[in-house]
$ cat data.txt   # compact mmCIF, C-alpha atoms
# COMPACT_ATOMS: atom_id res chain seq x y z
CA MET A 1 -5.71 -7.80 8.56
CA VAL A 2 -7.46 -8.71 5.27
CA PRO A 3 -10.45 -6.43 4.73
CA GLY A 4 -13.71 -8.16 3.88
CA ILE A 5 -15.79 -6.86 1.00
CA GLU A 6 -19.38 -7.74 0.16
CA THR A 7 -21.17 -7.12 -3.10
CA GLU A 8 -24.74 -7.88 -4.06
CA ARG A 9 -23.96 -11.59 -4.49
CA LEU A 10 -20.40 -12.15 -3.35
CA ALA A 11 -18.11 -12.04 -0.34
CA LEU A 12 -14.41 -11.31 -0.77
CA ARG A 13 -12.50 -12.47 2.28
CA GLY A 14 -9.05 -13.52 3.36
CA PHE A 15 -7.94 -17.03 2.53
CA GLU A 16 -8.15 -19.58 5.32
CA LEU A 17 -6.25 -22.83 5.70
CA ALA A 18 -9.55 -24.67 5.14
CA ASP A 19 -9.65 -23.16 1.61
CA PHE A 20 -6.54 -24.97 0.44
CA ASP A 21 -8.16 -28.15 -0.90
CA ARG A 22 -10.65 -26.13 -2.94
CA TYR A 23 -7.91 -23.77 -4.12
CA ALA A 24 -5.80 -26.71 -5.29
CA GLU A 25 -8.85 -28.30 -6.96
CA ILE A 26 -9.59 -25.16 -8.99
CA TYR A 27 -6.05 -25.17 -10.39
CA THR A 28 -6.46 -28.70 -11.73
CA GLU A 29 -9.53 -27.83 -13.86
CA PRO A 30 -8.59 -27.88 -17.58
CA GLU A 31 -10.95 -24.97 -18.31
CA VAL A 32 -9.21 -22.87 -15.66
CA MET A 33 -5.68 -23.81 -16.65
CA HIS A 34 -6.22 -23.42 -20.39
CA PHE A 35 -5.05 -19.79 -20.30
CA LEU A 36 -2.72 -20.21 -17.31
CA GLY A 37 -0.02 -22.32 -18.88
CA GLY A 38 -2.23 -25.25 -19.85
CA THR A 39 -0.92 -27.71 -17.28
CA PRO A 40 -2.77 -28.47 -14.03
CA ARG A 41 -0.82 -27.48 -10.93
CA SER A 42 0.50 -30.08 -8.54
CA ARG A 43 -0.59 -29.83 -4.90
CA GLU A 44 2.95 -28.82 -4.05
CA GLU A 45 2.90 -25.91 -6.52
CA SER A 46 -0.56 -24.88 -5.32
CA TRP A 47 0.64 -24.95 -1.72
CA GLY A 48 3.55 -22.62 -2.54
CA ARG A 49 1.26 -20.17 -4.30
CA PHE A 50 -1.32 -20.41 -1.51
CA LEU A 51 1.35 -19.40 1.02
CA LYS A 52 2.45 -16.56 -1.26
CA ILE A 53 -1.11 -15.20 -1.21
CA ALA A 54 -1.18 -15.32 2.58
CA GLY A 55 2.15 -13.50 2.81
CA SER A 56 1.17 -10.59 0.57
CA TRP A 57 -1.22 -8.91 2.98
CA PRO A 58 1.13 -8.42 5.96
CA LEU A 59 4.09 -7.46 3.77
CA LEU A 60 2.43 -5.26 1.15
CA GLY A 61 -0.91 -4.16 2.64
CA TYR A 62 -2.77 -5.71 -0.31
CA GLY A 63 -3.26 -9.15 -1.78
CA GLN A 64 -5.77 -11.65 -3.10
CA TRP A 65 -9.18 -12.44 -1.67
CA ALA A 66 -11.03 -15.74 -1.71
CA VAL A 67 -14.37 -15.18 -3.47
CA THR A 68 -17.51 -16.95 -2.26
CA LEU A 69 -21.22 -16.49 -2.65
CA ARG A 70 -22.55 -14.47 0.28
CA GLY A 71 -23.53 -16.84 3.04
CA SER A 72 -21.39 -19.70 1.68
CA ASP A 73 -17.89 -20.87 2.54
CA ARG A 74 -17.32 -22.60 -0.82
CA MET A 75 -14.67 -20.74 -2.75
CA LEU A 76 -15.61 -19.78 -6.32
CA GLY A 77 -12.25 -18.27 -7.12
CA GLN A 78 -9.89 -15.49 -6.20
CA VAL A 79 -9.33 -11.85 -7.06
CA GLY A 80 -6.97 -9.15 -5.96
CA PHE A 81 -3.54 -7.62 -6.26
CA MET A 82 0.00 -8.93 -6.05
CA MET A 83 3.57 -7.92 -6.67
CA ALA A 84 4.55 -10.78 -8.97
CA LEU A 85 7.90 -9.40 -10.21
CA ARG A 86 7.67 -11.55 -13.32
CA GLY A 87 10.77 -10.10 -14.93
CA ILE A 88 9.05 -9.15 -18.18
CA GLY A 89 10.03 -5.50 -17.97
CA ALA A 90 10.59 -2.79 -15.41
CA ASP A 91 7.57 -0.96 -16.84
CA PHE A 92 5.30 -3.89 -15.93
CA ASP A 93 6.94 -4.97 -12.67
CA ALA A 94 6.78 -1.39 -11.31
CA ALA A 95 3.11 -1.56 -10.23
CA PRO A 96 0.90 -4.06 -8.42
CA GLU A 97 -0.62 -6.65 -10.71
CA CYS A 98 -4.30 -7.49 -10.54
CA GLY A 99 -5.41 -11.05 -11.15
CA TRP A 100 -8.55 -13.13 -11.08
CA VAL A 101 -9.28 -16.82 -11.42
CA PHE A 102 -12.67 -18.51 -11.15
CA ALA A 103 -13.64 -22.15 -11.02
CA ARG A 104 -15.31 -23.54 -14.13
CA GLU A 105 -18.67 -23.67 -12.32
CA ALA A 106 -18.48 -19.93 -11.57
CA GLN A 107 -17.58 -18.74 -15.06
CA GLY A 108 -20.06 -16.96 -17.32
CA GLN A 109 -22.29 -15.70 -14.49
CA GLY A 110 -20.87 -12.21 -14.00
CA TYR A 111 -19.08 -13.10 -10.77
CA GLY A 112 -15.74 -12.08 -12.23
CA ALA A 113 -16.89 -8.59 -13.16
CA GLU A 114 -18.59 -8.13 -9.79
CA ALA A 115 -15.55 -9.28 -7.81
CA VAL A 116 -12.96 -7.46 -9.93
CA ALA A 117 -14.92 -4.20 -9.72
CA ALA A 118 -15.18 -4.54 -5.92
CA ALA A 119 -11.45 -5.21 -5.63
CA HIS A 120 -10.67 -2.12 -7.72
CA ARG A 121 -13.00 0.09 -5.68
CA TRP A 122 -11.09 -0.99 -2.58
CA PHE A 123 -7.67 -0.55 -4.24
CA ASP A 124 -8.57 2.90 -5.60
CA GLY A 125 -9.55 4.00 -2.09
CA GLN A 126 -6.19 3.14 -0.53
CA GLY A 127 -3.39 5.66 -0.11
CA PHE A 128 -1.09 3.39 -2.11
CA GLY A 129 -3.78 2.69 -4.71
CA GLY A 130 -3.09 3.98 -8.17
CA ARG A 131 -1.66 2.39 -11.26
CA SER A 132 -2.09 -1.36 -11.59
CA HIS A 133 -1.28 -3.88 -14.30
CA VAL A 134 -2.70 -7.13 -15.64
CA MET A 135 -1.19 -9.84 -17.80
CA ILE A 136 -3.62 -11.85 -19.93
CA ASP A 137 -3.14 -14.58 -22.52
CA VAL A 138 -3.84 -13.01 -25.93
CA ARG A 139 -6.48 -15.68 -26.62
CA HIS A 140 -8.44 -15.18 -23.39
CA ASP A 141 -11.23 -13.02 -24.78
CA ALA A 142 -13.39 -13.03 -21.62
CA SER A 143 -10.57 -11.74 -19.40
CA LEU A 144 -9.50 -9.19 -22.00
CA ARG A 145 -13.08 -7.84 -22.14
CA LEU A 146 -13.25 -7.68 -18.35
CA ALA A 147 -9.91 -5.86 -18.13
CA GLU A 148 -11.06 -3.34 -20.72
CA LYS A 149 -14.31 -2.79 -18.82
CA MET A 150 -12.28 -2.10 -15.67
CA GLY A 151 -10.29 0.58 -17.50
CA TYR A 152 -7.16 -1.35 -18.45
CA ARG A 153 -5.43 -0.32 -21.67
CA GLU A 154 -2.76 -2.21 -23.59
CA MET A 155 0.84 -1.36 -22.77
CA ARG A 156 2.43 -3.93 -25.04
CA GLN A 157 2.50 -7.61 -25.93
CA ALA A 158 5.10 -10.01 -24.57
CA GLU A 159 5.80 -13.67 -24.00
CA TYR A 160 5.51 -15.27 -20.58
CA LEU A 161 6.49 -18.90 -19.96
CA GLY A 162 6.25 -19.54 -23.69
CA ASP A 163 2.76 -18.06 -24.13
CA PRO A 164 1.83 -14.80 -25.88
CA VAL A 165 0.36 -12.31 -23.42
CA VAL A 166 -0.98 -8.77 -23.39
CA LEU A 167 0.28 -6.42 -20.68
CA LEU A 168 -2.26 -3.79 -19.69
CA ALA A 169 -2.26 -0.80 -17.33
CA ARG A 170 -4.99 1.02 -15.41
CA GLU A 171 -4.91 4.32 -13.58
CA ARG A 172 -6.82 4.95 -10.34
CA GLY A 173 -10.52 5.50 -10.95
CA ALA A 174 -10.59 4.27 -14.55
CA GLY A 175 -13.28 1.97 -15.84
CA ALA A 176 -16.60 0.64 -14.60
CA VAL A 177 -15.97 0.17 -10.90

$ encode --input "data.txt" --output "structure tokens"
Amino acid sequence: MVPGIETERLALRGFELADFDRYAEIYTEPEVMHFLGGTPRSREESWGRFLKIAGSWPLLGYGQWAVTLRGSDRMLGQVGFMMALRGIGADFDAAPECGWVFAREAQGQGYGAEAVAAAHRWFDGQGFGGRSHVMIDVRHDASLRLAEKMGYREMRQAEYLGDPVVLLARERGAGAV
């Protein structure tokens, strides 16, 4: 049900139950959580979000992939699309939201750009593919640069869970994918 994607270095695949411990570990890393609310997630919160990821694919036809190095099962992070319905405006909630998170050890090596580009190539090729949105902490320069490279453009700024964020939009085929 979850399409697999391979890039030069990476494999994007569906999450498996065996990924949960690694998933939960990534969301306790201070460097990861710095721009995601600042507080490490509990296992319980991670479990709820892990199940949400699994449920997206059969309900929506899209979702998040686990990202690994090709030939490895160790998860480096995740990338993909979701319908988060964050309640920060009908303009933002109206389209699927793209998101990416990578473990500290995987940051700064170009894996994010490689995985996000692959996810957008897939999304753009789907019948439902089209406009997508991202929400990024205003201080997260690396993610803002990546979003811009992928063709996202600022819609507006907002506040989400007490943090200042930038809401961005992308049209099908925009950017370096």

$ atom_distance --input "data.txt" --atom1 "CA of Ala169 (chain A)" --atom2 "CA of Asp124 (chain A)"
13.8 Å

$ closest_atom_pairs --input "data.txt" --of "region 47-163 of chain A" --to "region 170-177 of chain A" --cutoff "12 Å" --atoms "all atoms listed in the file" --output "Markdown table"
| residue | atom | partner | partner_atom | distance |
| --- | --- | --- | --- | --- |
| A:Phe92 | CA | A:Arg170 | CA | 11.4 |
| A:Ala95 | CA | A:Arg170 | CA | 10.0 |
| A:Pro96 | CA | A:Arg170 | CA | 10.5 |
| A:Glu97 | CA | A:Arg170 | CA | 10.0 |
| A:Cys98 | CA | A:Arg170 | CA | 9.8 |
| A:Ala113 | CA | A:Val177 | CA | 9.1 |
| A:Glu114 | CA | A:Val177 | CA | 8.8 |
| A:Ala115 | CA | A:Val177 | CA | 10.0 |
| A:Val116 | CA | A:Val177 | CA | 8.3 |
| A:Ala117 | CA | A:Val177 | CA | 4.6 |
| A:Ala118 | CA | A:Val177 | CA | 6.9 |
| A:Ala119 | CA | A:Val177 | CA | 8.8 |
| A:His120 | CA | A:Val177 | CA | 6.6 |
| A:Arg121 | CA | A:Val177 | CA | 6.0 |
| A:Trp122 | CA | A:Val177 | CA | 9.7 |
| A:Phe123 | CA | A:Arg172 | CA | 8.3 |
| A:Asp124 | CA | A:Arg172 | CA | 5.5 |
| A:Gly125 | CA | A:Arg172 | CA | 8.7 |
| A:Gln126 | CA | A:Arg172 | CA | 10.0 |
| A:Gly127 | CA | A:Arg172 | CA | 10.8 |
| A:Phe128 | CA | A:Arg172 | CA | 10.1 |
| A:Gly129 | CA | A:Arg172 | CA | 6.8 |
| A:Gly130 | CA | A:Arg172 | CA | 4.4 |
| A:Arg131 | CA | A:Glu171 | CA | 4.4 |
| A:Ser132 | CA | A:Arg170 | CA | 5.4 |
| A:His133 | CA | A:Arg170 | CA | 6.2 |
| A:Val134 | CA | A:Arg170 | CA | 8.5 |
| A:Met135 | CA | A:Arg170 | CA | 11.8 |
| A:Arg145 | CA | A:Gly175 | CA | 11.7 |
| A:Leu146 | CA | A:Ala176 | CA | 9.7 |
| A:Ala147 | CA | A:Gly175 | CA | 8.8 |
| A:Glu148 | CA | A:Gly175 | CA | 7.5 |
| A:Lys149 | CA | A:Gly175 | CA | 5.7 |
| A:Met150 | CA | A:Gly175 | CA | 4.2 |
| A:Gly151 | CA | A:Gly175 | CA | 3.7 |
| A:Tyr152 | CA | A:Arg170 | CA | 4.4 |
| A:Arg153 | CA | A:Arg170 | CA | 6.4 |
| A:Glu154 | CA | A:Arg170 | CA | 9.1 |
| A:Met155 | CA | A:Arg170 | CA | 9.7 |

$ closest_residue --input "data.txt" --among "A:Arg41, A:Arg104, A:His140, A:Arg70" --to "Arg9 (chain A)" --atoms "all atoms listed in the file"
A:Arg70

$ closest_residue --input "data.txt" --among "A:Ser72, A:Leu36, A:Leu168, A:Gly108" --to "Asp93 (chain A)" --atoms "only C-alpha atoms"
A:Leu168

$ closest_residue --input "data.txt" --among "A:Gly48, A:Pro30, A:Gly63, A:Gly38" --to "Asp137 (chain A)" --atoms "only C-alpha atoms"
A:Gly38

$ atom_distance --input "data.txt" --atom1 "CA of Ile88 (chain A)" --atom2 "CA of Tyr23 (chain A)"
26.4 Å

$ atom_distance --input "data.txt" --atom1 "CA of Asp163 (chain A)" --atom2 "CA of Ala84 (chain A)"
16.9 Å

$ residues_around --input "data.txt" --residues "region 54-62 of chain A" --least-positions-apart "5" --cutoff "8 Å" --atoms "all atoms listed in the file" --output "PyMOL selection string"
chain A and resi 1-2+15+80-82

$ residues_around --input "data.txt" --residues "Pro3 (chain A)" --least-positions-apart "6" --cutoff "9 Å" --atoms "all atoms listed in the file" --output "JSON, numbers by chain"
{"A": [12, 13, 14, 65]}

$ write_last_selection --input "data.txt" --atoms "C-alpha atoms" --output "compact mmCIF listing (two decimals), in the frame of the given file"
# COMPACT_ATOMS: atom_id res chain seq x y z
CA LEU A 12 -14.41 -11.31 -0.77
CA ARG A 13 -12.50 -12.47 2.28
CA GLY A 14 -9.05 -13.52 3.36
CA TRP A 65 -9.18 -12.44 -1.67

$ residues_around --input "data.txt" --residues "Ala103 (chain A)" --least-positions-apart "2" --cutoff "10 Å" --atoms "all atoms listed in the file" --output "count of residues only"
18

$ build_atoms --input "data.txt" --residues "region 94-117 of chain A" --atoms "N, CA and C atoms" --output "compact mmCIF listing (two decimals), keeping the file's coordinate frame"
# COMPACT_ATOMS: atom_id res chain seq x y z
N ALA A 94 6.75 -2.57 -12.17
CA ALA A 94 6.78 -1.39 -11.31
C ALA A 94 5.49 -1.16 -10.52
N ALA A 95 4.40 -1.81 -10.89
CA ALA A 95 3.11 -1.56 -10.23
C ALA A 95 2.50 -2.89 -9.79
N PRO A 96 1.60 -2.84 -8.80
CA PRO A 96 0.90 -4.06 -8.42
C PRO A 96 0.14 -4.64 -9.62
N GLU A 97 0.07 -5.94 -9.64
CA GLU A 97 -0.62 -6.65 -10.71
C GLU A 97 -1.95 -7.18 -10.17
N CYS A 98 -3.01 -6.95 -10.90
CA CYS A 98 -4.30 -7.49 -10.54
C CYS A 98 -4.47 -8.85 -11.23
N GLY A 99 -5.15 -9.75 -10.56
CA GLY A 99 -5.41 -11.05 -11.15
C GLY A 99 -6.72 -11.61 -10.65
N TRP A 100 -7.32 -12.47 -11.46
CA TRP A 100 -8.55 -13.13 -11.08
C TRP A 100 -8.59 -14.51 -11.71
N VAL A 101 -9.11 -15.45 -10.96
CA VAL A 101 -9.28 -16.82 -11.42
C VAL A 101 -10.56 -17.34 -10.80
N PHE A 102 -11.41 -17.95 -11.64
CA PHE A 102 -12.67 -18.51 -11.15
C PHE A 102 -12.82 -19.95 -11.60
N ALA A 103 -13.38 -20.76 -10.71
CA ALA A 103 -13.64 -22.15 -11.02
C ALA A 103 -14.57 -22.24 -12.23
N ARG A 104 -14.48 -23.33 -12.94
CA ARG A 104 -15.31 -23.54 -14.13
C ARG A 104 -16.79 -23.31 -13.81
N GLU A 105 -17.26 -23.80 -12.69
CA GLU A 105 -18.67 -23.67 -12.32
C GLU A 105 -19.10 -22.23 -12.11
N ALA A 106 -18.15 -21.33 -11.85
CA ALA A 106 -18.48 -19.93 -11.57
C ALA A 106 -18.31 -19.02 -12.78
N GLN A 107 -17.82 -19.55 -13.88
CA GLN A 107 -17.58 -18.74 -15.06
C GLN A 107 -18.87 -18.46 -15.82
N GLY A 108 -18.93 -17.31 -16.48
CA GLY A 108 -20.06 -16.96 -17.32
C GLY A 108 -21.29 -16.48 -16.58
N GLN A 109 -21.14 -16.14 -15.30
CA GLN A 109 -22.29 -15.70 -14.49
C GLN A 109 -22.13 -14.27 -13.98
N GLY A 110 -21.09 -13.58 -14.43
CA GLY A 110 -20.87 -12.21 -14.00
C GLY A 110 -20.16 -12.07 -12.67
N TYR A 111 -19.77 -13.18 -12.05
CA TYR A 111 -19.08 -13.10 -10.77
C TYR A 111 -17.72 -12.41 -10.92
N GLY A 112 -17.04 -12.69 -12.01
CA GLY A 112 -15.74 -12.08 -12.23
C GLY A 112 -15.83 -10.57 -12.26
N ALA A 113 -16.74 -10.05 -13.06
CA ALA A 113 -16.89 -8.59 -13.16
C ALA A 113 -17.27 -7.99 -11.81
N GLU A 114 -18.15 -8.64 -11.09
CA GLU A 114 -18.59 -8.13 -9.79
C GLU A 114 -17.43 -8.11 -8.79
N ALA A 115 -16.65 -9.18 -8.75
CA ALA A 115 -15.55 -9.28 -7.81
C ALA A 115 -14.40 -8.35 -8.20
N VAL A 116 -14.07 -8.30 -9.48
CA VAL A 116 -12.96 -7.46 -9.93
C VAL A 116 -13.29 -5.98 -9.71
N ALA A 117 -14.52 -5.58 -9.97
CA ALA A 117 -14.92 -4.20 -9.72
C ALA A 117 -14.81 -3.86 -8.23
